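Reviewing the structure listed below.
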Amino acid sequence: MARVVVDVMLKPEILDPQGQAIAGACPRLGFEGIEQVRQGKRFEVEVEGEVDEAKLADVRRLAETLLANTVIEDFEVRPA
Amino acid sequence: MTARVGVVTFPGSLDDKDAARAVSLAGAEPVALWHADPDLKGVDAVVLPGGFSYGDYLRCGAIARFAPLMSELVPAARSGALPVLGICNGFQILCESHLLPGALTRNSSLRFVNRDQVLRMENTRTAWTNGYDEGQEILVVLKSGEGSYVADEETLDQLESEGRVVARYVGGNPNGSRRDIAGVTNAHGNVVGLMPHPEHAVEALTGPSTEGLGFFTSILGHLAAPAQA
């Protein structure tokens, strides 16, 4: 069994109020110099056997079908 | 013959009973449809109600989109043949299904908004809004945590130039929706998504008005004279 990671992030032009709320909390907690926070999702997908190009292509199709809404999100697929 | 309007129940749907009651009050026959049943039972139109389908896991509407029933509904709706109204979670499902452009994201306030809301009706040529007057303001209910309508600027420009914004929020933007958009339609005008809840504004006893009933009487008008849309 091997692991493939899918990172999903809101596209840069989409407002991320959750990220903004986190960024707003930073100075209150003493974390200075943080200019922006964007919040995303990480999926860890376990696949049978070795991770080869075909498996990565399968996970990429999974990502664009279900894991990400490509209207508002970008995703990246990589072996763990 | 009485029009038959299907109301879909997904696991986690909340407003299917209210939607069915609104259909009934408008004079149509509500038909219960089950998400796992790939059968539309020959209904004339469908309402996707509000709630939290499949727990809204992953994204609101993301999993409901793949329900067996949707495999029947999506092609029929896309062709322009089947009128579909998606309310709140139903609107999210329609966007996830790509029957409508854009997406619904977390309210800009990060808070669930629950209040009476005035809307301005802008497109009154759709299957679901032909009973309203253009520019008419109606009072309905808004209750959602992920109601912020977003789309890229090009899509928003296109929606506006084609008159596909069905309704806008009046009296302040409650959730950060781009250009105050509360509802949109597809190019055919048979598919309408609306974030607020007209089905909660159909009776004086329980609603802030009865002005939401127009969505449900409109579909009867449309089915009687479909050339209008």
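Starting from 1 in every chain, residues are counted up; chains themselves are A, B, ... following the order of the structure tokens, and ligands are numbered from 1 as listed.
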
DSSP-assigned strand (DSSP E or B) members of region 27-141 of chain B, reported as number ranges by chain: B: 29-34, 45-48, 51, 84-87, 103-105, 113-121, 137-141

Write out as a VMD selection string which residues come within 6 Å of region 42-51 of chain A when counting only C-alpha atoms, dropping same-chain ones fewer than 3 positions away. chain A and resid 1 to 7 55

Taking only C-alpha atoms into account, report as a VMD selection string which residues of chain A lie within 8 Å of chain B. chain A and resid 13 to 14 17 to 18 66 to 67 69 71 to 72

I'd like the contact shell of Pro11 (chain B) - 9 Å cut-off, only C-alpha atoms, skipping same-chain residues fewer than 5 positions apart - returned as a ChimeraX atom specification. /B:35,52-55,64

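Taking CA of Leu82 (chain B) as the reference point, CA of Glu122 (chain B) is found at 21.9 Å.
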
Those of region 1-228 of chain B in DSSP helix (DSSP H, G or I), formatted as a VMD selection string: chain B and resid 16 to 26 53 to 56 64 to 66 68 to 78 89 to 96 153 to 161 178 to 180 198 to 200 213 to 224 226 to 228

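The interatomic distance for the pair CA of Val59 (chain A) and CA of Phe75 (chain A) works out to 11.1 Å.
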
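CA of Arg164 (chain B) to CA of Ala81 (chain B) spans 17.8 Å [interatomic distance, one decimal].
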
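Nearest residue to Gly6 (chain B), choosing from B:Arg179, B:Arg168, B:Arg21, B:His222 and counting only C-alpha atoms: B:Arg21.
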